[in-house]
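Chemist: Attaching a single structure in structure tokens format; questions to follow.
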Amino acid sequence: MDDDTTRVEWREWGQDAFDEAAAAEAPVLLSLTATWCDHCHEMDAETYAEPRIAANINDSFVPIRVDVDRYPRVRDRYNMGGFPSTVFLAPDGNVLTGAGYLGADGMRQVLDSVRTMWQTKGSGAARVPRPLREDNPPAGELTADVEAAMLGQFAETYDEVAGGWGQSPKFPLPDALEFALKRDREMALRSFDAVSANLLDEYDGGFYRFATDRDWGGVQREKLLDSNGALVRAFANAYLLTGKDEYREPAERTIDFLTTTLWNGDVDAFANSQAPGEDDAHSLDATDRASAAEPPVDDGVFAGPNALAIEGLLTYYAYTDDERARRYAERALATLREDLLAEGVVAHRYTADGNDAPTPLLTNQARALEALTTAASVLDAEFLADARRVADATIERLHDEDSFVDGPAEGVGLLDRPLRPLDANVAFADALIDLAELAAGTADDDDAAADADRYRQYARKTLEAFAGASDRFGVQIARYATAVSRLLEGPLAIRVAAEPGSDLHRAALRLADHEKVVVPNASAGTLEAGTARVERGDHVSEPAETPSELSERVQAVLD
């Protein structure tokens, strides 16, 4: 975030700023922003640039500016429901009050109110947000009712008119799209159609972040790497199911955007985001857009979003043999492994001067594990070793009781309080299910079987840790129901005793259950070279020697 337009004397997030607040007995004003956030820039220009407001803040508060992409743990503890977030803290980091965007008049009123609150009650007015007070989620039993309850949520919130789920705002929700794709195809495809018709940038490719209105109007035109990577995967999976170019082409256009506009060639990885640009350049027609300045790109390279993009591109490659998707995925994967991964711990962000010992963050660990298991399934089993290191390091460093915390409980403000993010726990558990199948299928020994069982047990415990509240999960957490279903039934596993890229392996990847796990170079049991078999739970098929035989085996299991 460029702060030149403001008159506020921003401090960096860290101990020094909180020590200053404690010494001055002054509250903290925490501003959460993002480089891609148009409203953040507007608030800088219209509110923080106003001289009297800036003087008021500088005199009575200790102002701290945080980029939410660079400090995700601060974002997750202090987010007021969107960005910008304007949060007032006591010097110990507890929350006094907070808001989102504030214009000049609103900011004056809030500053006066917080000053009065502070003078009257001091730190006694501050509180710890509920997710950080209630450490343990409600546990429960995993049953088929979890998937049924989620299907009920989908039916209840589905928008029959405009597509998608809920009223407003409308987000693309790739995990929800993929859950519905297997369980209610008509609902899913109508929603895919709505997302591509309304959020796809027809000029440059890539998906916009969301729409403010129920009918998908009011499009917010920032483009983020993480959502685009996930949508490449989702649309590739819709193409796998339907064989229709209307689902392949949005994925292809998004890959165009990722490999051009968001490609950081200096690092050999994907940049983080593209902002809407001056005067919302993305909204211009094609003629005007060709002559308009290119909207700015945040070229920061972050591990988690890159891992999502790698997974999306490899999924697309698995179904299409698209060499560009494979090539860019491999280049970004090499950067992830060589520059961001050390002893199973993923660094949050690439820095040119190298990284100190990285701090494990659950979201990064989960996404990296997903990328590595996908690479092991699609490209080569060699990636399995790194996947196991990531899983083992996450279990060792972040597992606490029966679930995972978002990072080490250390740091200033509320960072020393554990947070158990549901979405990251679910993503990690789901990736462990894949890892278990791959680990068991590529090594025919007792140690591999024991490791596979251990990964399944951690996945089960993690999902059970949240099951007591699962009947209240919305469609945004659809992946929880997906993971529970895969764990209870056993994922569809196709073990291929052949090299990646062989006809049998390529056929296995293209069979129509996108929740399957394909294990190349399989050595489990009595599987002979050049054959494949299908497993699900206790069901084990006869070997198949040809793609057509394999398709018949899969269909028999699914039926």
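Scheme for the structure tokens: letters A, B, ... for chains in order shown; per-chain residue numbers from 1; ligand numbers from 1 in order shown.
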Using DSSP secondary structure from the backbone, list all helix (DSSP H, G or I) positions within region 201-410 of chain A, as a ChimeraX atom specification.
Modeler: /A:225-242,245-259,281-283,286-291,303-320,323-339,362-378,381-398
Chemist: Find the residues around region 211-228 of chain A up to 8 Å (only C-alpha atoms counted), leave out those fewer than 4 positions away in its own chain, and share them as a count of residues only.
Modeler: 33
Chemist: Find, counting only C-alpha atoms, the residue in A:Ala307, A:Leu284, A:Ala54, A:Val68 that gets nearest to Phe83 (chain A).
Modeler: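 Using only C-alpha atoms, Phe83 (chain A) sits closest to A:Val68.
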Chemist: Just list as a ChimeraX atom specification whatever in region 351-454 of chain A DSSP marks as strand (DSSP E).
Modeler: /A:399-400,403-404
Chemist: Could you check the closest approach to Gly229 (chain A) for each of A:Ala371, A:Val114, A:Leu151, A:Val267 and tell me which residue wins, using only C-alpha atoms?
Modeler: A:Ala371
Chemist: Do you have the CA of Pro27 (chain A)-CA of Glu134 (chain A) distance handy?
Modeler: 25.1 Å
Chemist: Within 8 Å of Pro418 (chain A), counting only C-alpha atoms, which residues qualify if same-chain residues fewer than 5 places away don't, as a PyMOL selection string?
Modeler: chain A and resi 132+135+405-409
Chemist: Please provide the set of residues having any atom within 12 Å of Glu382 (chain A), restricted to only C-alpha atoms, with same-chain residues fewer than 5 positions apart removed, written as an MDAnalysis selection string.
Modeler: chainID A and resid 372:377 387:388 438:439 442 499:500 519:521
Chemist: Could you write out the selected residues, including C-alpha atoms, as a CSV table (one decimal), in the first residue's frame?
Modeler:
```csv
chain,number,residue,atom,x,y,z
A,372,LEU,CA,2.7,-31.5,-3.9
A,373,THR,CA,0.2,-34.4,-3.7
A,374,THR,CA,-1.3,-33.2,-7.0
A,375,ALA,CA,2.2,-33.1,-8.6
A,376,ALA,CA,2.9,-36.6,-7.3
A,377,SER,CA,-0.3,-37.9,-8.8
A,387,ALA,CA,4.7,-33.9,0.6
A,388,ARG,CA,5.4,-36.2,3.5
A,438,LEU,CA,-0.3,-42.0,-2.4
A,439,ALA,CA,2.0,-43.1,0.4
A,442,THR,CA,3.8,-46.2,-4.1
A,499,GLU,CA,4.9,-44.4,-15.5
A,500,PRO,CA,3.3,-41.0,-15.4
A,519,VAL,CA,-1.4,-43.2,-7.9
A,520,PRO,CA,1.2,-43.7,-10.7
A,521,ASN,CA,4.1,-46.1,-10.4
```
Chemist: Which residues are near Leu29 (chain A)? Cut-off 10 Å, only C-alpha atoms, ignore same chain within fewer than 4 positions. Put them as a PyMOL selection string.
Modeler: chain A and resi 10+57-58+60-65+86-90+96-98+111+114
Chemist: Could you write out the selected residues, including C-alpha atoms, as a CSV table (one decimal), in the first residue's frame?
Modeler:
```
chain,number,residue,atom,x,y,z
A,10,TRP,CA,2.2,4.9,10.3
A,57,ILE,CA,-4.6,10.4,15.0
A,58,ASN,CA,-0.9,11.3,15.3
A,60,SER,CA,-3.8,10.7,20.4
A,61,PHE,CA,-3.1,7.3,19.0
A,62,VAL,CA,-0.3,5.0,17.9
A,63,PRO,CA,-1.2,4.2,14.2
A,64,ILE,CA,-0.1,0.9,12.7
A,65,ARG,CA,-0.5,0.0,9.0
A,86,THR,CA,-10.2,0.2,11.1
A,87,VAL,CA,-9.5,-1.3,14.5
A,88,PHE,CA,-8.8,0.4,17.8
A,89,LEU,CA,-6.7,-1.6,20.3
A,90,ALA,CA,-5.4,-1.3,23.9
A,96,LEU,CA,-11.6,-1.7,21.9
A,97,THR,CA,-13.8,-1.3,18.8
A,98,GLY,CA,-13.6,-1.5,15.1
A,111,LEU,CA,-12.0,9.0,17.0
A,114,VAL,CA,-12.7,6.0,21.2
```
Chemist: For Gly243 (chain A), find every residue with an atom within 10 Å (counting only C-alpha atoms), except residues of its own chain fewer than 5 positions away, and show them as an NGL selection string.
Modeler: :A and (236-238 or 248 or 319 or 512)
Chemist: Write the selection just made, keeping C-alpha atoms, as a PDB file, in the first residue's frame?
Modeler:
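Generated file (result_13.pdb):
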```
ATOM      1  CA  ALA A 236     -11.152 -27.866 -15.190  1.00  0.00           C
ATOM      2  CA  ASN A 237     -13.162 -30.295 -13.069  1.00  0.00           C
ATOM      3  CA  ALA A 238     -16.402 -29.100 -14.672  1.00  0.00           C
ATOM      4  CA  ARG A 248     -12.589 -25.530 -20.382  1.00  0.00           C
ATOM      5  CA  TYR A 319      -7.259 -33.399 -18.425  1.00  0.00           C
ATOM      6  CA  ALA A 512     -14.869 -38.484 -14.310  1.00  0.00           C
TER       7      ALA A 512
END
```
